[in-house]
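Data from input_0.cif: mmCIF, C-alpha atoms
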data_entry
#
loop_
_atom_site.label_atom_id
_atom_site.label_comp_id
_atom_site.auth_asym_id
_atom_site.auth_seq_id
_atom_site.Cartn_x
_atom_site.Cartn_y
_atom_site.Cartn_z
CA MET A 1 104.41 119.05 99.66
CA THR A 2 102.79 116.04 97.94
CA ILE A 3 99.05 115.52 97.73
CA TYR A 4 99.38 112.61 100.18
CA GLU A 5 101.08 114.91 102.67
CA ASN A 6 98.39 117.57 102.19
CA ILE A 7 95.66 115.00 102.83
CA THR A 8 97.40 113.58 105.90
CA ASP A 9 98.10 117.00 107.40
CA PHE A 10 94.49 118.05 106.92
CA LEU A 11 93.23 114.88 108.61
CA LYS A 12 95.61 115.31 111.55
CA GLY A 13 93.95 118.66 112.18
CA GLN A 14 90.53 117.03 111.91
CA GLU A 15 91.27 114.11 114.24
CA PRO A 16 89.49 115.58 117.31
CA GLU A 17 86.39 116.22 115.18
CA MET A 18 86.57 112.68 113.81
CA PHE A 19 86.43 111.24 117.32
CA ARG A 20 83.70 113.68 118.36
CA LEU A 21 81.56 112.50 115.45
CA LEU A 22 82.36 108.86 116.20
CA ARG A 23 81.33 109.25 119.83
CA GLU A 24 78.06 110.99 118.91
CA MET A 25 77.28 108.34 116.31
CA VAL A 26 78.01 105.39 118.61
CA LEU A 27 75.82 106.84 121.37
CA ILE A 28 72.78 106.79 119.06
CA GLN A 29 71.23 103.34 119.40
CA SER A 30 70.76 102.06 115.84
CA SER A 31 69.72 98.43 115.86
CA SER A 32 68.57 97.25 112.44
CA TYR A 33 65.00 97.34 113.79
CA ASN A 34 65.27 100.74 115.49
CA LYS A 35 64.07 103.00 112.69
CA LYS A 36 64.05 106.14 114.85
CA GLY A 37 67.63 105.58 115.93
CA ILE A 38 68.87 104.86 112.42
CA ASP A 39 67.10 107.94 111.08
CA ARG A 40 68.86 110.00 113.77
CA VAL A 41 72.24 108.68 112.60
CA VAL A 42 71.32 109.52 108.99
CA SER A 43 70.43 113.09 110.07
CA LEU A 44 73.74 113.34 111.93
CA ILE A 45 75.65 112.29 108.81
CA GLN A 46 73.77 114.85 106.75
CA SER A 47 74.75 117.54 109.23
CA ALA A 48 78.38 116.42 109.04
CA PHE A 49 78.30 117.20 105.31
CA LYS A 50 76.41 120.52 105.59
CA ASN A 51 79.48 122.62 104.69
CA ASN A 52 80.80 120.30 101.99
CA LYS A 53 80.31 120.32 98.23
CA VAL A 54 78.18 117.18 98.08
CA PHE A 55 74.51 116.37 97.60
CA CYS A 56 72.66 114.31 100.22
CA HIS A 57 69.59 112.29 99.22
CA VAL A 58 67.53 110.42 101.82
CA VAL A 59 65.83 107.25 100.56
CA GLU A 60 62.91 106.95 102.96
CA GLN A 61 61.77 103.57 104.24
CA LYS A 62 58.59 102.59 106.06
CA THR A 63 59.83 99.55 108.00
CA PHE A 64 63.59 99.91 108.23
CA GLY A 65 65.58 103.05 108.78
CA ASN A 66 66.15 105.47 105.93
CA HIS A 67 69.08 105.00 103.56
CA LEU A 68 71.32 107.93 102.65
CA ILE A 69 73.11 108.54 99.36
CA VAL A 70 75.82 111.21 99.26
CA ARG A 71 77.16 112.29 95.86
CA SER A 72 79.76 114.68 94.59
CA PHE A 73 78.52 117.18 92.01
CA HIS A 74 80.88 115.97 89.29
CA LYS A 75 79.04 114.61 86.26
CA ALA A 76 80.63 111.69 84.44
CA PRO A 77 79.70 109.06 81.84
CA PRO A 78 77.88 105.92 83.03
CA SER A 79 79.90 103.24 84.83
CA THR A 80 82.65 105.64 85.89
CA GLN A 81 81.75 106.68 89.44
CA ILE A 82 83.69 105.66 92.54
CA PHE A 83 81.41 103.83 94.94
CA LEU A 84 81.85 103.91 98.72
CA MET A 85 79.70 101.66 100.90
CA GLY A 86 78.91 101.47 104.62
CA HIS A 87 76.06 100.53 106.94
CA VAL A 88 74.43 102.54 109.72
CA ASP A 89 72.75 99.69 111.62
CA THR A 90 74.23 97.52 114.37
CA VAL A 91 73.37 94.05 115.69
CA PHE A 92 72.66 95.23 119.24
CA PRO A 93 68.95 95.31 120.17
CA GLU A 94 67.22 98.51 121.17
CA ASP A 95 67.02 97.49 124.84
CA THR A 96 70.71 96.53 125.11
CA THR A 97 72.73 97.68 128.13
CA PHE A 98 75.69 98.08 125.76
CA ASN A 99 74.80 101.70 125.14
CA TRP A 100 77.96 103.61 126.08
CA TYR A 101 81.15 104.94 124.50
CA LYS A 102 84.55 105.15 126.15
CA GLU A 103 88.22 105.52 125.27
CA ASP A 104 91.53 104.59 126.83
CA LYS A 105 95.03 105.36 125.61
CA ASN A 106 94.89 102.92 122.70
CA ASN A 107 91.29 102.00 121.96
CA SER A 108 87.73 103.25 121.61
CA TYR A 109 84.86 101.05 122.78
CA GLY A 110 81.15 101.02 122.08
CA PRO A 111 78.32 99.40 120.08
CA GLY A 112 79.18 99.63 116.39
CA VAL A 113 82.46 101.47 117.00
CA ILE A 114 84.18 99.13 114.54
CA ASP A 115 81.14 97.52 112.86
CA MET A 116 80.88 99.92 111.36
CA LYS A 117 80.49 103.47 112.56
CA GLY A 118 84.24 103.90 112.56
CA GLY A 119 84.14 103.05 108.85
CA LEU A 120 81.44 105.66 108.27
CA VAL A 121 83.63 108.33 109.91
CA THR A 122 86.51 107.17 107.70
CA GLY A 123 84.45 107.69 104.55
CA ILE A 124 83.02 111.02 105.66
CA PHE A 125 86.40 112.54 106.42
CA ALA A 126 88.05 111.04 103.33
CA ILE A 127 85.53 113.06 101.32
CA LYS A 128 86.31 116.16 103.38
CA ALA A 129 90.03 115.63 102.73
CA LEU A 130 89.44 115.30 98.98
CA GLU A 131 87.49 118.55 99.05
CA PHE A 132 90.31 120.24 100.96
CA VAL A 133 92.83 119.38 98.22
CA GLY A 134 90.42 120.45 95.48
CA LEU A 135 89.55 117.02 94.10
CA ILE A 136 85.96 116.34 95.13
CA GLU A 137 84.69 118.60 92.33
CA LYS A 138 86.68 116.54 89.80
CA ILE A 139 85.75 113.02 90.92
CA PRO A 140 82.32 111.38 90.44
CA LEU A 141 81.87 109.78 93.86
CA THR A 142 78.88 108.18 95.59
CA PHE A 143 78.76 107.09 99.24
CA PHE A 144 75.82 104.80 100.10
CA PHE A 145 74.83 104.55 103.79
CA ASN A 146 72.75 101.39 104.21
CA SER A 147 70.29 100.94 107.08
CA ASP A 148 69.70 97.17 107.09
CA GLU A 149 72.99 95.39 106.28
CA GLU A 150 73.01 93.34 109.47
CA THR A 151 69.67 91.75 108.53
CA GLY A 152 70.61 90.96 104.93
CA SER A 153 70.14 94.31 103.13
CA LYS A 154 66.61 93.38 102.09
CA SER A 155 65.45 96.94 101.41
CA SER A 156 68.76 98.15 100.01
CA LYS A 157 70.00 95.30 97.80
CA LYS A 158 68.61 96.66 94.53
CA LEU A 159 69.82 100.17 95.32
CA ILE A 160 73.31 98.82 95.98
CA GLU A 161 73.31 96.77 92.79
CA ASP A 162 72.12 99.74 90.72
CA GLU A 163 74.87 101.97 92.11
CA ALA A 164 77.45 99.23 91.54
CA LYS A 165 76.46 98.90 87.88
CA ASN A 166 77.24 102.59 87.46
CA SER A 167 80.68 102.32 89.07
CA ALA A 168 84.24 101.87 87.91
CA PHE A 169 85.30 100.35 91.25
CA ALA A 170 84.16 100.26 94.86
CA PHE A 171 85.55 100.50 98.37
CA VAL A 172 83.56 99.02 101.29
CA LEU A 173 84.43 100.35 104.74
CA GLU A 174 83.93 97.35 107.01
CA CYS A 175 86.68 97.01 109.62
CA GLY A 176 90.25 96.14 108.71
CA GLY A 177 92.07 93.10 110.06
CA LEU A 178 94.37 93.32 113.07
CA ALA A 179 97.47 92.79 110.90
CA GLY A 180 96.38 95.44 108.40
CA GLU A 181 94.31 93.12 106.20
CA VAL A 182 91.81 94.30 103.62
CA VAL A 183 89.35 91.97 101.94
CA THR A 184 89.57 90.86 98.31
CA GLY A 185 87.18 87.92 98.65
CA ARG A 186 84.34 86.67 100.82
CA LYS A 187 82.17 83.60 101.14
CA GLY A 188 78.52 83.78 100.18
CA ASN A 189 75.70 82.81 102.49
CA ILE A 190 72.13 81.56 102.70
CA SER A 191 70.01 82.11 105.80
CA ALA A 192 67.02 79.76 105.96
CA LYS A 193 64.04 79.13 108.21
CA LEU A 194 62.60 75.63 108.50
CA ASP A 195 58.98 75.10 109.62
CA ILE A 196 57.76 71.59 110.45
CA LYS A 197 54.15 70.67 111.15
CA GLY A 198 52.84 67.47 112.72
CA GLU A 199 49.99 66.36 114.98
CA ALA A 200 49.66 67.16 118.67
CA GLY A 201 48.80 64.45 121.13
CA HIS A 202 49.23 63.20 124.70
CA ALA A 203 52.68 61.72 125.23
CA ALA A 204 51.23 58.90 127.36
CA PHE A 205 49.22 57.55 124.41
CA ALA A 206 51.65 58.28 121.57
CA GLY A 207 52.35 55.27 119.39
CA LYS A 208 55.32 54.41 117.23
CA ASP A 209 53.87 56.54 114.42
CA LYS A 210 53.58 59.73 116.49
CA ALA A 211 53.85 62.87 114.32
CA SER A 212 56.55 64.55 116.42
CA THR A 213 57.96 67.63 114.74
CA ILE A 214 60.95 67.66 117.12
CA LEU A 215 61.83 64.13 116.05
CA GLU A 216 61.59 65.19 112.40
CA LEU A 217 63.66 68.27 113.14
CA ALA A 218 66.33 66.09 114.76
CA HIS A 219 66.62 64.02 111.58
CA LYS A 220 66.86 67.15 109.46
CA THR A 221 69.40 68.77 111.80
CA ILE A 222 71.72 65.78 111.38
CA ALA A 223 71.17 65.84 107.61
CA PHE A 224 71.98 69.55 107.34
CA GLU A 225 75.00 69.35 109.64
CA SER A 226 76.37 66.46 107.55
CA LEU A 227 76.75 68.90 104.64
CA ASN A 228 79.72 70.58 106.38
CA ASP A 229 82.78 70.22 104.13
CA HIS A 230 85.60 72.40 105.41
CA GLU A 231 88.05 71.36 102.68
CA ARG A 232 85.51 72.59 100.12
CA GLY A 233 84.78 75.74 102.11
CA ILE A 234 81.18 74.77 102.91
CA THR A 235 79.91 75.38 106.44
CA VAL A 236 76.40 74.70 107.70
CA ASN A 237 75.09 75.59 111.14
CA VAL A 238 71.68 74.85 112.63
CA GLY A 239 71.88 77.79 115.00
CA LYS A 240 68.46 78.12 116.59
CA ILE A 241 65.57 75.71 117.16
CA LYS A 242 62.24 75.89 118.94
CA GLY A 243 59.21 73.66 119.30
CA GLY A 244 56.78 71.93 121.60
CA ILE A 245 54.92 73.10 124.70
CA GLY A 246 55.88 70.48 127.29
CA SER A 247 57.39 67.04 127.83
CA ASN A 248 53.98 65.38 128.05
CA THR A 249 52.75 66.68 124.67
CA VAL A 250 53.71 65.50 121.19
CA PRO A 251 55.06 68.68 119.53
CA GLU A 252 52.84 69.90 116.71
CA ASN A 253 55.16 72.67 115.44
CA SER A 254 58.93 73.12 115.32
CA THR A 255 61.18 75.68 113.72
CA ALA A 256 64.89 75.89 112.93
CA PHE A 257 67.12 78.67 111.63
CA ILE A 258 70.07 77.55 109.55
CA ASP A 259 73.15 79.34 108.17
CA PHE A 260 74.98 78.13 105.03
CA ARG A 261 78.37 79.47 103.84
CA PHE A 262 80.08 78.70 100.55
CA SER A 263 82.93 79.91 98.35
CA SER A 264 81.53 79.53 94.83
CA ILE A 265 78.33 79.82 92.85
CA ASP A 266 78.56 76.09 92.06
CA ASP A 267 78.57 75.33 95.79
CA LYS A 268 75.58 77.64 96.27
CA LYS A 269 73.66 75.65 93.65
CA TYR A 270 74.79 72.40 95.29
CA LEU A 271 73.48 73.55 98.69
CA GLU A 272 70.20 74.78 97.22
CA GLY A 273 69.68 71.30 95.78
CA LYS A 274 70.51 69.63 99.10
CA ILE A 275 68.13 71.94 100.96
CA LYS A 276 65.29 70.87 98.65
CA ASP A 277 66.16 67.18 99.07
CA ILE A 278 66.33 67.33 102.87
CA VAL A 279 63.11 69.32 103.15
CA LYS A 280 61.31 66.91 100.83
CA LYS A 281 62.37 63.72 102.62
CA GLN A 282 59.93 62.67 105.36
CA ASN A 283 61.50 60.67 108.19
CA THR A 284 58.58 60.90 110.65
CA PRO A 285 55.02 59.88 109.73
CA ASN A 286 52.39 62.60 109.26
CA THR A 287 54.84 65.50 109.35
CA SER A 288 55.47 68.09 106.65
CA CYS A 289 58.23 70.63 106.16
CA LYS A 290 58.57 73.99 104.44
CA VAL A 291 61.66 76.15 104.01
CA GLU A 292 61.89 79.92 103.64
CA ILE A 293 65.08 81.59 102.42
CA LEU A 294 65.36 84.68 104.61
CA THR A 295 68.45 86.25 103.05
CA SER A 296 71.13 85.27 100.58
CA ARG A 297 74.37 86.78 99.33
CA PRO A 298 76.49 85.52 96.43
CA PRO A 299 80.20 84.87 97.02
CA MET A 300 82.75 87.63 96.41
CA ASN A 301 85.46 85.90 94.40
CA GLN A 302 89.13 86.81 94.81
CA CYS A 303 89.22 87.71 91.13
CA THR A 304 91.99 89.36 89.12
CA ALA A 305 90.16 92.72 89.06
CA ASN A 306 89.92 92.82 92.86
CA ARG A 307 93.57 91.92 93.25
CA GLU A 308 94.64 94.57 90.75
CA LEU A 309 92.68 97.15 92.74
CA PHE A 310 94.30 95.83 95.91
CA ASP A 311 97.76 96.27 94.37
CA LYS A 312 97.05 99.95 93.70
CA VAL A 313 95.86 100.48 97.28
CA LYS A 314 98.90 98.58 98.56
CA ASP A 315 101.16 101.03 96.71
CA VAL A 316 99.41 103.89 98.48
CA ALA A 317 99.77 102.15 101.83
CA LYS A 318 103.49 101.74 101.21
CA SER A 319 103.80 105.47 100.51
CA LEU A 320 102.01 106.17 103.82
CA ASN A 321 104.16 103.60 105.68
CA LEU A 322 101.10 101.54 106.57
CA PRO A 323 100.94 97.71 106.62
CA LEU A 324 98.48 96.20 104.17
CA LYS A 325 97.69 92.56 103.48
CA GLU A 326 95.16 90.69 101.36
CA GLU A 327 92.52 88.55 103.08
CA PHE A 328 89.71 86.15 102.20
CA ARG A 329 86.95 86.49 104.83
CA SER A 330 84.27 83.94 105.71
CA GLY A 331 81.81 86.64 106.76
CA VAL A 332 79.61 88.44 104.23
CA SER A 333 78.93 92.13 103.57
CA ASP A 334 77.40 94.39 100.94
CA ALA A 335 80.64 93.92 98.99
CA ASN A 336 79.18 90.55 97.93
CA PHE A 337 76.36 92.30 96.05
CA ILE A 338 78.81 94.72 94.41
CA ALA A 339 81.16 91.93 93.32
CA HIS A 340 78.24 90.03 91.80
CA GLN A 341 77.85 92.92 89.32
CA ASN A 342 81.44 92.25 88.13
CA ILE A 343 82.69 95.51 89.64
CA PRO A 344 86.21 95.55 91.17
CA VAL A 345 85.77 95.93 94.92
CA ILE A 346 87.90 95.90 98.06
CA ASP A 347 86.38 95.60 101.51
CA GLY A 348 87.79 96.05 105.01
CA LEU A 349 89.11 99.55 104.37
CA GLY A 350 87.63 100.88 107.60
CA PRO A 351 89.67 101.35 110.79
CA ILE A 352 91.16 98.37 112.60
CA GLY A 353 89.60 96.68 115.61
CA GLY A 354 87.94 93.53 116.82
CA LYS A 355 85.38 91.66 118.93
CA ASP A 356 82.56 93.14 116.88
CA HIS A 357 79.07 91.79 117.64
CA SER A 358 80.07 91.58 121.30
CA GLN A 359 80.10 93.94 124.28
CA ASP A 360 83.91 94.00 124.03
CA GLU A 361 83.85 95.64 120.58
CA TYR A 362 86.79 98.01 120.14
CA MET A 363 88.63 100.16 117.60
CA ILE A 364 92.36 100.87 117.65
CA LYS A 365 92.36 104.66 117.86
CA GLU A 366 95.40 105.40 115.71
CA SER A 367 93.91 103.39 112.85
CA LEU A 368 91.03 105.87 112.34
CA LEU A 369 93.35 108.56 111.00
CA GLN A 370 95.53 106.04 109.18
CA ARG A 371 92.71 104.34 107.33
CA THR A 372 91.03 107.65 106.47
CA ALA A 373 94.25 108.87 104.88
CA LEU A 374 94.64 105.54 103.07
CA LEU A 375 91.11 105.75 101.70
CA ALA A 376 91.36 109.36 100.53
CA CYS A 377 94.75 108.80 98.88
CA SER A 378 93.59 105.54 97.30
CA ILE A 379 90.57 107.26 95.77
CA GLU A 380 92.89 109.88 94.28
CA LYS A 381 95.37 107.34 92.89
CA CYS A 382 92.85 104.80 91.59
CA TRP A 383 90.73 107.50 89.97
CA LYS A 384 93.80 108.97 88.26
CA ILE A 385 94.78 105.56 86.88
CA PHE A 386 91.23 104.82 85.77
CA GLU A 387 90.92 108.16 83.95
CA THR A 388 94.29 107.67 82.24
CA ASN A 389 93.31 104.21 81.00
CA ARG A 390 89.87 105.40 79.89
CA GLN A 391 91.19 108.19 77.69
#
If you convert what's in this file into structure tokens, what do you get?
Amino acid sequence: MTIYENITDFLKGQEPEMFRLLREMVLIQSSSYNKKGIDRVVSLIQSAFKNNKVFCHVVEQKTFGNHLIVRSFHKAPPSTQIFLMGHVDTVFPEDTTFNWYKEDKNNSYGPGVIDMKGGLVTGIFAIKALEFVGLIEKIPLTFFFNSDEETGSKSSKKLIEDEAKNSAFAFVLECGGLAGEVVTGRKGNISAKLDIKGEAGHAAFAGKDKASTILELAHKTIAFESLNDHERGITVNVGKIKGGIGSNTVPENSTAFIDFRFSSIDDKKYLEGKIKDIVKKQNTPNTSCKVEILTSRPPMNQCTANRELFDKVKDVAKSLNLPLKEEFRSGVSDANFIAHQNIPVIDGLGPIGGKDHSQDEYMIKESLLQRTALLACSIEKCWKIFETNRQ
């Protein structure tokens, strides 16, 4: 029996436990801002590893939920570990009515079931499978569980970058595509907040020089939206605005939240310059504007190193009779931070599903076992190749 067969047989026996853990994890509400809920998920993950040969380290946080780092005990030279990455938080607010888990013949449903608690279960049981075949003691492996990915990884960015610098390659366990896609490249993003100040006044007596912040915001909205260039891969969206207190009052304050997406560092610099220009230009008398960059992620380029790593994983998928395709995704993840450290990384290795960030979020049940086997076997193969080339 081959090592792939041993891993797959072990995971088949573990499948009921995988779904039990998934259900328990999904039923813990873990919005990015629900520290208590996230900390409960972190404790649950620790308990899932209690009988395994790994070390769990909780990185405590005051505002956000705690992060968790799980390491094998194998000691290796710097820049040689295998890095697994996943996030514990979900986008659903603490008071959401989407607080249930259910299954039918083909799918599992629930908040975070595919984004990305299913991916966490995949990583946990891949480690268990590697221990079962006697490899976890031989492989330097780190699994980082992030608590604030959905809000930009503010408290975890440096931790992620530090772990990436010490890695040979990385696998991120966001969901896979419906046709078996995994991610070799992603756009970068900037999330910005615009604050405009003017002068309040009675609408009945407002002259042509009224300092309306909504009027100024309208000018700036058109200017930002004009930056959209789909052929270049640049998208800009003024997604939320607020301002004013009533139709008979000149609005003194207005705010906008804007999302920028881009495919290259050059385009990021281009957009940063345009943001400064638009903010600086005054279209309405006696108004002023300030911008705050809330979060930012660099692009994850579809580089040669990522594609070479993909080819190795594709060979494993072929051996397991699983479909696997390469994909460039417009959305961002923590893989962007890893790629920025020039570390080969593949994302989308979690189970397959869709409609994430909605109350119709689902995971295709058979993909949980399939992707867990793919991950465990890919770690084995890629580590073996890396060690051979290093010696």
Find the residues around stretch 380-383 of chain A up to 9 Å (all atoms listed in the file counted), leave out those fewer than 2 positions away in its own chain, and share them as a list in words. Ile82, Leu130, Leu135, Ile139, Ala168, Phe169, Leu309, Lys312, Val313, Val316, Leu375, Ala376, Cys377, Ser378, Ile385, Phe386, Glu387 and Thr388 of chain A
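The residue that comes closest to A:Ile38, out of A:Asn66, A:Asn6, A:Asn253, A:Asn51 and on the basis of only C-alpha atoms, is A:Asn66.
Going from atom CA of A:Lys384 over to atom CA of A:Thr8, you cover 18.6 Å.
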List the spatial neighbours of A:Val279 as number ranges by chain - criterion: any atom at most 8 Å away, all atoms listed in the file, same-chain residues fewer than 4 positions off excluded. A: 220, 275, 289-291
Using only C-alpha atoms, can you list as a PDB file with C-alpha atoms, in the frame of the given file the residues within 8 Å of (70.4, 103.5, 122.1)?
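Listing of out-v3.pdb after writing:
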ATOM      1  CA  LEU A  27      75.820 106.840 121.370  1.00  0.00           C
ATOM      2  CA  ILE A  28      72.780 106.790 119.060  1.00  0.00           C
ATOM      3  CA  GLN A  29      71.230 103.340 119.400  1.00  0.00           C
ATOM      4  CA  SER A  30      70.760 102.060 115.840  1.00  0.00           C
ATOM      5  CA  GLY A  37      67.630 105.580 115.930  1.00  0.00           C
ATOM      6  CA  GLU A  94      67.220  98.510 121.170  1.00  0.00           C
ATOM      7  CA  ASP A  95      67.020  97.490 124.840  1.00  0.00           C
ATOM      8  CA  THR A  96      70.710  96.530 125.110  1.00  0.00           C
ATOM      9  CA  ASN A  99      74.800 101.700 125.140  1.00  0.00           C
TER      10      ASN A  99
END
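Here the PyMOL selection byres ((chain A and resi 146-153) around 8) captures the residues Ser32, Ile38, Phe64, Gly65, Asn66, His67, Leu68, Met85, Gly86, His87, Val88, Asp89, Thr90, Val91, Phe144, Phe145, Lys154, Ser155, Ser156, Lys157, Thr295, Ser296, Arg297, Ser333 and Asp334 of chain A.
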Those residues with C-alpha atoms, as a compact mmCIF listing (two decimals), keeping the file's coordinate frame please?
# COMPACT_ATOMS: atom_id res chain seq x y z
CA SER A 32 68.57 97.25 112.44
CA ILE A 38 68.87 104.86 112.42
CA PHE A 64 63.59 99.91 108.23
CA GLY A 65 65.58 103.05 108.78
CA ASN A 66 66.15 105.47 105.93
CA HIS A 67 69.08 105.00 103.56
CA LEU A 68 71.32 107.93 102.65
CA MET A 85 79.70 101.66 100.90
CA GLY A 86 78.91 101.47 104.62
CA HIS A 87 76.06 100.53 106.94
CA VAL A 88 74.43 102.54 109.72
CA ASP A 89 72.75 99.69 111.62
CA THR A 90 74.23 97.52 114.37
CA VAL A 91 73.37 94.05 115.69
CA PHE A 144 75.82 104.80 100.10
CA PHE A 145 74.83 104.55 103.79
CA LYS A 154 66.61 93.38 102.09
CA SER A 155 65.45 96.94 101.41
CA SER A 156 68.76 98.15 100.01
CA LYS A 157 70.00 95.30 97.80
CA THR A 295 68.45 86.25 103.05
CA SER A 296 71.13 85.27 100.58
CA ARG A 297 74.37 86.78 99.33
CA SER A 333 78.93 92.13 103.57
CA ASP A 334 77.40 94.39 100.94
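Between atom CA of A:Ser108 and atom CA of A:Met363 the separation is 5.1 Å.
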Please provide the set of residues having any atom within 10 Å of A:Ala76, restricted to all atoms listed in the file, with same-chain residues fewer than 4 positions apart removed, written as a PyMOL selection string. chain A and resi 80-81+138-141
Would you mind exporting C-alpha atoms of the selected residues as a compact mmCIF listing (two decimals), in the frame of the given file?
# COMPACT_ATOMS: atom_id res chain seq x y z
CA THR A 80 82.65 105.64 85.89
CA GLN A 81 81.75 106.68 89.44
CA LYS A 138 86.68 116.54 89.80
CA ILE A 139 85.75 113.02 90.92
CA PRO A 140 82.32 111.38 90.44
CA LEU A 141 81.87 109.78 93.86
Could you give me, as a PyMOL selection string, the residues within 12 Å of A:Lys208, counting all atoms listed in the file and dropping anything in the same chain fewer than 5 positions from it? chain A and resi 203+215+250+284-286
Between atom CA of A:Lys158 and atom CA of A:Ile379 lies a distance of 24.4 Å
Selection under test: the PyMOL selection byres ((chain A and resi 272-274) around 12); residues as a PyMOL selection string: chain A and resi 189-192+220+223-228+236+260-262+265-271+275-281+291-293+296
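Using all atoms listed in the file, the smallest distance between any of A:Val42, A:Ala335, A:Ser212, A:Leu178 and A:Val59 comes from A:Val42.
Residue membership of the PyMOL selection byres ((chain A and resi 70) around 7) in the shown file amounts to Val54, Phe55, Cys56, His57, Leu68, Ile69, Arg71, Thr142, Phe143 and Phe144 of chain A.
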Can you pull out every residue within 12 Å of A:Asn342, counting all atoms listed in the file, but drop anything in the same chain fewer than 6 positions away, and send it as a VMD selection string? chain A and resid 79 161 164 to 170 298 to 306 335 to 336
Using only C-alpha atoms, can you tell me which of A:Glu103, A:Thr2, A:Glu366, A:Ala373 comes closest to A:Ile127? A:Ala373
